[in-house]
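Raw contents of query10.cif, mmCIF, C-alpha atoms:
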data_start
loop_
_atom_site.label_atom_id
_atom_site.label_comp_id
_atom_site.auth_asym_id
_atom_site.auth_seq_id
_atom_site.Cartn_x
_atom_site.Cartn_y
_atom_site.Cartn_z
CA MET A 1 0.00 0.00 0.00
CA PHE A 2 2.85 2.36 0.86
CA ASP A 3 4.44 1.67 -2.53
CA ASP A 4 1.24 2.88 -4.21
CA ILE A 5 1.13 6.22 -2.41
CA LYS A 6 4.91 6.79 -2.34
CA PRO A 7 5.01 8.47 -5.81
CA HIS A 8 2.21 10.82 -4.72
CA LEU A 9 4.10 11.72 -1.54
CA VAL A 10 7.24 12.43 -3.57
CA GLU A 11 5.24 14.65 -5.92
CA LEU A 12 3.58 16.40 -2.98
CA ARG A 13 6.97 17.07 -1.38
CA LYS A 14 8.23 18.51 -4.65
CA ARG A 15 5.25 20.86 -5.03
CA LEU A 16 5.43 21.94 -1.40
CA GLY A 17 9.16 22.59 -1.75
CA ILE A 18 8.65 24.84 -4.77
CA SER A 19 5.81 26.69 -3.04
CA VAL A 20 7.81 27.27 0.14
CA GLY A 21 10.87 28.29 -1.88
CA SER A 22 8.89 30.87 -3.83
CA LEU A 23 7.39 32.14 -0.58
CA VAL A 24 10.84 32.57 0.98
CA VAL A 25 12.20 34.42 -2.05
CA MET A 26 9.14 36.65 -2.19
CA PHE A 27 9.45 37.33 1.56
CA PHE A 28 12.92 38.87 1.16
CA VAL A 29 11.71 40.92 -1.80
CA MET A 30 8.73 42.22 0.16
CA PHE A 31 10.83 42.90 3.25
CA TYR A 32 12.82 45.38 1.18
CA PHE A 33 9.55 47.20 0.37
CA HIS A 34 7.87 46.70 3.75
CA GLU A 35 7.67 50.43 4.56
CA PRO A 36 5.44 51.46 1.60
CA ILE A 37 3.40 48.28 2.09
CA LEU A 38 2.88 49.13 5.76
CA GLU A 39 1.86 52.68 4.85
CA TRP A 40 -0.72 51.22 2.46
CA MET A 41 -2.03 48.94 5.19
CA VAL A 42 -2.27 51.68 7.82
CA GLU A 43 -3.91 54.25 5.54
CA PRO A 44 -7.52 53.12 6.29
CA LEU A 45 -6.78 53.32 10.01
CA ASN A 46 -5.27 56.81 9.77
CA THR A 47 -8.25 57.96 7.71
CA ALA A 48 -10.63 56.59 10.33
CA LEU A 49 -8.70 58.32 13.14
CA ILE A 50 -8.84 61.62 11.27
CA GLU A 51 -12.60 61.23 10.80
CA VAL A 52 -12.99 60.47 14.50
CA GLY A 53 -11.15 63.69 15.34
CA LYS A 54 -13.53 65.65 13.13
CA LYS A 55 -16.68 64.06 14.53
CA SER A 56 -15.76 64.04 18.21
CA VAL A 57 -14.54 67.49 19.23
CA HIS A 58 -14.27 66.51 22.90
CA ALA A 59 -11.91 63.58 22.37
CA ALA A 60 -8.16 63.76 21.90
CA ASP A 61 -6.69 62.70 18.55
CA GLY A 62 -6.11 58.98 18.22
CA MET A 63 -2.65 57.49 17.76
CA VAL A 64 -1.02 54.36 16.37
CA THR A 65 1.37 52.99 18.98
CA THR A 66 3.56 50.00 19.74
CA SER A 67 3.85 48.22 23.09
CA GLN A 68 6.94 46.10 22.39
CA VAL A 69 10.64 46.91 22.27
CA GLY A 70 11.03 45.24 18.90
CA GLY A 71 7.49 45.98 17.79
CA ALA A 72 8.47 47.75 14.58
CA PHE A 73 10.71 44.85 13.51
CA PHE A 74 8.08 42.18 14.15
CA VAL A 75 5.49 44.27 12.34
CA ALA A 76 7.84 44.46 9.35
CA LEU A 77 8.13 40.66 9.40
CA LYS A 78 4.35 40.22 9.51
CA VAL A 79 3.80 42.72 6.72
CA SER A 80 6.46 41.08 4.55
CA PHE A 81 5.00 37.62 5.11
CA PHE A 82 1.49 38.81 4.22
CA ALA A 83 2.74 40.48 1.04
CA ALA A 84 4.88 37.42 0.19
CA ILE A 85 1.84 35.12 0.25
CA VAL A 86 -0.03 37.44 -2.08
CA GLY A 87 2.98 37.80 -4.37
CA ALA A 88 3.69 34.05 -4.48
CA LEU A 89 0.03 33.10 -4.96
CA PRO A 90 0.29 32.43 -8.74
CA ILE A 91 3.19 30.03 -8.16
CA ILE A 92 1.37 28.31 -5.28
CA LEU A 93 -1.77 27.88 -7.41
CA ALA A 94 0.35 26.49 -10.24
CA GLN A 95 1.85 23.89 -7.90
CA ILE A 96 -1.61 22.89 -6.66
CA TRP A 97 -2.75 22.38 -10.25
CA MET A 98 0.38 20.43 -11.20
CA PHE A 99 -0.16 18.12 -8.24
CA ILE A 100 -3.70 17.20 -9.31
CA ALA A 101 -2.98 17.33 -13.07
CA PRO A 102 -1.99 13.62 -13.43
CA ALA A 103 -5.55 12.65 -12.46
CA LEU A 104 -7.10 14.89 -15.14
CA TYR A 105 -7.88 14.35 -18.82
CA ALA A 106 -5.73 16.03 -21.46
CA ASN A 107 -8.30 18.77 -22.16
CA GLU A 108 -8.64 19.46 -18.42
CA LYS A 109 -4.89 19.82 -17.94
CA LYS A 110 -4.93 22.77 -20.34
CA MET A 111 -6.99 24.77 -17.82
CA ILE A 112 -3.91 25.60 -15.72
CA ILE A 113 -3.66 29.17 -17.05
CA PRO A 114 -7.34 30.03 -16.37
CA PHE A 115 -7.01 28.45 -12.92
CA ILE A 116 -3.95 30.52 -12.01
CA PHE A 117 -5.24 33.74 -13.59
CA GLY A 118 -8.76 33.34 -12.24
CA GLY A 119 -7.65 32.33 -8.76
CA THR A 120 -5.19 35.21 -8.48
CA THR A 121 -7.67 37.73 -9.88
CA MET A 122 -10.50 36.71 -7.54
CA PHE A 123 -8.18 36.75 -4.52
CA ALA A 124 -7.03 40.25 -5.48
CA LEU A 125 -10.65 41.37 -5.93
CA GLY A 126 -11.45 40.05 -2.46
CA VAL A 127 -8.53 41.96 -0.95
CA LEU A 128 -9.47 45.17 -2.80
CA PHE A 129 -13.12 44.82 -1.78
CA ALA A 130 -12.08 44.44 1.85
CA TYR A 131 -9.62 47.34 1.63
CA TYR A 132 -11.82 49.90 -0.14
CA ILE A 133 -15.30 48.86 1.06
CA VAL A 134 -15.16 46.92 4.31
CA THR A 135 -12.27 48.46 6.25
CA PRO A 136 -13.20 52.16 5.77
CA PHE A 137 -16.78 51.54 6.87
CA GLY A 138 -15.84 49.07 9.60
CA PHE A 139 -12.96 51.07 11.07
CA ASP A 140 -14.96 54.28 11.04
CA PHE A 141 -17.80 52.61 12.97
CA LEU A 142 -15.64 50.65 15.42
CA ILE A 143 -13.26 53.51 16.25
CA THR A 144 -15.95 56.18 16.37
CA PHE A 145 -18.07 54.11 18.75
CA GLY A 146 -17.22 55.33 22.25
CA SER A 147 -14.62 57.86 21.07
CA PHE A 148 -16.39 60.62 22.99
CA LYS A 149 -15.27 58.83 26.18
CA PHE A 150 -12.01 57.16 25.18
CA THR A 151 -8.96 58.20 23.20
CA PRO A 152 -8.20 55.53 20.54
CA LEU A 153 -4.60 54.33 20.96
CA ILE A 154 -4.27 51.57 18.36
CA ASN A 155 -1.52 49.00 18.87
CA ILE A 156 0.20 48.47 15.52
CA GLU A 157 0.91 44.78 16.21
CA ASP A 158 -2.76 44.09 16.90
CA TYR A 159 -3.83 46.17 13.93
CA VAL A 160 -1.60 44.32 11.45
CA GLY A 161 -2.99 40.98 12.66
CA PHE A 162 -6.54 42.36 12.45
CA PHE A 163 -5.94 43.79 8.96
CA THR A 164 -4.30 40.67 7.48
CA LYS A 165 -7.06 38.43 8.85
CA ILE A 166 -9.69 40.53 7.10
CA MET A 167 -7.71 40.64 3.84
CA PHE A 168 -7.05 36.89 3.75
CA GLY A 169 -10.61 36.14 4.78
CA PHE A 170 -12.11 38.11 1.90
CA GLY A 171 -9.44 36.91 -0.54
CA ILE A 172 -10.25 33.27 0.22
CA ALA A 173 -13.99 33.93 0.21
CA PHE A 174 -13.84 35.41 -3.30
CA GLU A 175 -12.31 32.18 -4.61
CA LEU A 176 -15.74 30.50 -4.39
CA PRO A 177 -16.74 31.02 -8.07
CA ILE A 178 -13.36 29.71 -9.25
CA PHE A 179 -13.60 26.51 -7.20
CA ALA A 180 -17.23 26.06 -8.27
CA TYR A 181 -16.25 26.45 -11.93
CA PHE A 182 -13.52 23.83 -11.81
CA LEU A 183 -15.54 21.38 -9.72
CA ALA A 184 -18.30 21.69 -12.32
CA LEU A 185 -15.74 21.28 -15.11
CA LEU A 186 -14.64 18.00 -13.50
CA GLY A 187 -18.25 16.88 -13.25
CA MET A 188 -18.26 16.80 -9.45
CA ILE A 189 -21.14 19.29 -9.00
CA ASP A 190 -24.05 20.64 -11.05
CA ASP A 191 -26.43 23.57 -10.63
CA ARG A 192 -29.20 21.43 -9.08
CA MET A 193 -26.85 20.24 -6.37
CA MET A 194 -25.84 23.82 -5.55
CA ARG A 195 -29.46 25.04 -5.50
CA SER A 196 -30.55 22.26 -3.17
CA PHE A 197 -27.55 22.95 -0.93
CA PHE A 198 -28.24 26.69 -0.71
CA LYS A 199 -29.98 26.69 2.69
CA TYR A 200 -27.06 24.78 4.20
CA ALA A 201 -24.58 27.00 2.37
CA VAL A 202 -26.01 30.09 4.08
CA ILE A 203 -25.30 28.55 7.49
CA ILE A 204 -21.78 27.52 6.43
CA ILE A 205 -21.16 31.01 5.03
CA PHE A 206 -22.03 32.67 8.33
CA VAL A 207 -19.84 30.19 10.23
CA ALA A 208 -16.96 30.81 7.80
CA ALA A 209 -17.46 34.58 8.13
CA ALA A 210 -17.18 34.22 11.90
CA LEU A 211 -13.95 32.22 11.57
CA LEU A 212 -12.29 34.27 8.81
CA THR A 213 -12.98 37.72 10.25
CA PRO A 214 -12.32 39.41 13.60
CA PRO A 215 -14.97 38.79 16.27
CA ASP A 216 -17.34 41.64 15.48
CA VAL A 217 -20.78 41.25 13.96
CA LEU A 218 -20.39 44.13 11.50
CA THR A 219 -17.37 42.65 9.70
CA GLN A 220 -18.98 39.21 9.66
CA LEU A 221 -22.11 40.59 7.99
CA LEU A 222 -19.98 42.49 5.48
CA MET A 223 -18.37 39.18 4.51
CA ALA A 224 -21.47 36.98 4.64
CA GLY A 225 -23.48 39.26 2.32
CA PRO A 226 -21.02 39.21 -0.61
CA LEU A 227 -20.44 35.48 -0.06
CA ILE A 228 -24.14 34.72 -0.48
CA ILE A 229 -24.13 36.81 -3.68
CA LEU A 230 -21.02 34.95 -4.90
CA TYR A 231 -22.74 31.64 -4.18
CA GLY A 232 -25.65 32.70 -6.36
CA PHE A 233 -23.21 33.79 -9.07
CA SER A 234 -21.47 30.41 -8.76
CA ILE A 235 -24.79 28.64 -9.41
CA ILE A 236 -25.12 30.56 -12.70
CA ILE A 237 -21.53 29.64 -13.67
CA VAL A 238 -22.07 25.96 -12.87
CA ARG A 239 -25.32 25.97 -14.85
CA PHE A 240 -23.40 26.96 -17.98
CA VAL A 241 -20.48 24.59 -17.34
CA ASN A 242 -22.25 21.47 -16.09
CA PRO A 243 -26.06 21.81 -16.14
CA ALA A 244 -28.04 19.17 -14.30
CA PRO A 245 -29.91 16.68 -16.52
CA PRO A 246 -33.69 17.07 -16.60
CA LEU A 247 -35.53 15.19 -13.89
CA GLU A 248 -37.22 11.97 -14.99
CA GLU A 249 -40.93 12.31 -14.42
CA ASP A 250 -41.40 8.76 -13.17
CA ASP A 251 -44.81 9.38 -11.66
CA GLU A 252 -46.24 10.74 -14.89
CA ASP A 253 -44.77 7.84 -16.85
CA GLU A 254 -46.34 5.34 -14.48
CA GLU A 255 -49.73 7.05 -14.82
CA GLU A 256 -49.48 6.92 -18.61
CA VAL A 257 -48.64 3.19 -18.49
CA ASP A 258 -51.60 2.49 -16.19
CA LEU A 259 -53.92 4.45 -18.51
CA LEU A 260 -52.72 2.51 -21.54
CA ASP A 261 -53.27 -0.78 -19.69
CA GLU A 262 -56.80 0.29 -18.81
CA LEU A 263 -57.54 1.21 -22.43
CA LYS A 264 -56.20 -2.14 -23.64
CA GLU A 265 -58.37 -3.92 -21.10
CA ILE A 266 -61.44 -1.97 -22.21
CA ASN A 267 -60.78 -2.78 -25.88
CA LYS A 268 -60.26 -6.44 -25.04
CA ASN A 269 -63.56 -6.63 -23.17
CA SER A 270 -65.44 -4.85 -25.97
CA GLU A 271 -64.11 -7.29 -28.54
CA GLN A 272 -65.27 -10.19 -26.45
#

Kindly return the structure encoded in the file as structure tokens.
Amino acid sequence: MFDDIKPHLVELRKRLGISVGSLVVMFFVMFYFHEPILEWMVEPLNTALIEVGKKSVHAADGMVTTSQVGGAFFVALKVSFFAAIVGALPIILAQIWMFIAPALYANEKKMIIPFIFGGTTMFALGVLFAYYIVTPFGFDFLITFGSFKFTPLINIEDYVGFFTKIMFGFGIAFELPIFAYFLALLGMIDDRMMRSFFKYAVIIIFVAAALLTPPDVLTQLLMAGPLIILYGFSIIIVRFVNPAPPLEEDDEDEEEVDLLDELKEINKNSEQ
């Protein structure tokens, strides 16, 4: 049994090695640019703090602080690692596809480019949606709430963790149409299956939103709403790629057979 799975383990080790190697290389590249990346990440927070200062005249201006001796260095590491994952994502997706490619047909193996391009694009759209839609609205609400009593002193270490969790959560969530497309392409799902699973999908979406976002209801709702829309969009995609076959109307067929039998019996009796 081990001899059967050994080639797969060797292939898996190879793909993991390439993925980790690309991540390490990208980490050093991003560490060199960590300052502009950090400025980009902190911009929504600074904007929210400025808005708080305008709205609450009785509160002191908020500040971004650090509570550790090496806080700035560890923040730079976290920022670089986050950016490295995003930068290495096309290579990681390529390795995932190459690992499963031996089990695919020849025409399916050619879908590697759409898989990489589509997966990277949807992840980027999720990050941009979170950055330009979710974080401005969410930060403004969360920081403004209670600012007339408290001065917001935001710890940069906590903020970076908070920010990256939101970005990764939305990036992963936006991959739903891509995974649905390729599962339909492989014949594993159809539109009827997704429609019948919708009521369970809503529950799973809210659970996933709770796990992938910080523990506040507002951010969870801002993720769950687009996810439900994406699920509906995925149903449309799957319907074009792998539509469900029409249902066999067994009951109607049985009624027609019974009616024909009755007619035959009537004709037989009339002839007699």

Any chance you could tabulate, as a Markdown table, the residues of range 141-234 of chain A at most 12 Å from range 63-69 of chain A with each one's nearest atom pair and distance in Å to one decimal, using only C-alpha atoms, in chain and rising number order?
| residue | atom | partner | partner_atom | distance |
| --- | --- | --- | --- | --- |
| A:Ile143 | CA | A:Met63 | CA | 11.4 |
| A:Phe150 | CA | A:Met63 | CA | 11.9 |
| A:Thr151 | CA | A:Met63 | CA | 8.4 |
| A:Pro152 | CA | A:Met63 | CA | 6.5 |
| A:Leu153 | CA | A:Met63 | CA | 4.9 |
| A:Ile154 | CA | A:Val64 | CA | 4.7 |
| A:Asn155 | CA | A:Thr65 | CA | 4.9 |
| A:Ile156 | CA | A:Thr66 | CA | 5.6 |
| A:Glu157 | CA | A:Thr66 | CA | 6.8 |
| A:Asp158 | CA | A:Thr66 | CA | 9.1 |
| A:Tyr159 | CA | A:Val64 | CA | 9.0 |
| A:Val160 | CA | A:Val64 | CA | 11.2 |

Practice task
Considering only C-alpha atoms, return as a ChimeraX atom specification whatever protein or nucleic-acid residues lie within 10 Å of Phe163 in chain A, sequence-local ones (same chain, fewer than 3 positions apart) excluded.
Solution key: /A:41-42,44-45,130-131,135,158-160,166-169,213-214

Practice task
Please identify all polymer residues within 8 Å of Leu12 in chain A, counting only C-alpha atoms, omitting same-chain residues fewer than 4 positions from it, and present them as a PyMOL selection string.
Solution key: chain A and resi 8+16+99

Problem - the PyMOL selection byres ((chain A and resi 93-96) around 10) applied to the shown file, residues as a list in words - result: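 When the PyMOL selection byres ((chain A and resi 93-96) around 10) is applied, the selected residues are Leu12, Lys14, Arg15, Leu16, Gly17, Ile18, Ser19, Ala88, Leu89, Pro90, Ile91, Ile92, Trp97, Met98, Phe99, Ile100, Ala101, Ile112, Ile113, Phe115, Ile116, Phe117, Gly119 and Thr120 of chain A.
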
Exercise for the section: Give me the residues within 7 Å of Asp191 in chain A as number ranges by chain, counting only C-alpha atoms and dropping any in the same chain fewer than 4 places off. Expected result: A: 195, 235, 238-239, 243-244

Centre, edges in Å (one decimal): axis-aligned box, range 77-83 of chain A, 6 Å padding on all six sides, as AutoDock Vina command-line options:
--center_x 4.8 --center_y 40.2 --center_z 5.3 --size_x 18.6 --size_y 17.1 --size_z 20.5

Practice task
Record the distance separating CA of Ile203 in chain A and CA of Leu176 in chain A, expressed in Å with one decimal.
Solution key: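 So the answer is 15.4 Å.
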
Handout entry: Between CA of Ile205 in chain A and CA of Ala224 in chain A - distance in Å to one decimal
Key =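 Interatomic distance, CA of Ala224 in chain A to CA of Ile205 in chain A: 6.0 Å.
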
Practice task
Tell me, as number ranges by chain, which residues lie within 9 Å of range 25-40 of chain A, counting all atoms listed in the file; anything in the same chain fewer than 6 positions away does not count.
Solution key: A: 75-77, 79-85, 87-88, 160

Practice task
Enumerate, as a PyMOL selection string, the residues matched when the PyMOL selection byres ((chain A and resi 134) around 10) is run on the file above.
Solution key: chain A and resi 127-133+135-140+166-167+170+218-219+222-223

Problem - Distance criterion (only C-alpha atoms): nearest to Gly187 in chain A out of A:Val241, A:Asn107, A:Ser234, A:Ile204 - result: A:Val241

Completion exercise
In Å and to one decimal, CA of Leu104 in chain A is distant from CA of Leu9 in chain A by 17.9 Å

Practice task
May I ask which of the residues A:Asp190, A:Lys109, A:Pro177, A:Lys199 is the closest one to Asn242 in chain A, counting all atoms listed in the file?
Solution key: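 For Asn242 in chain A, the nearest of the candidates is A:Asp190.
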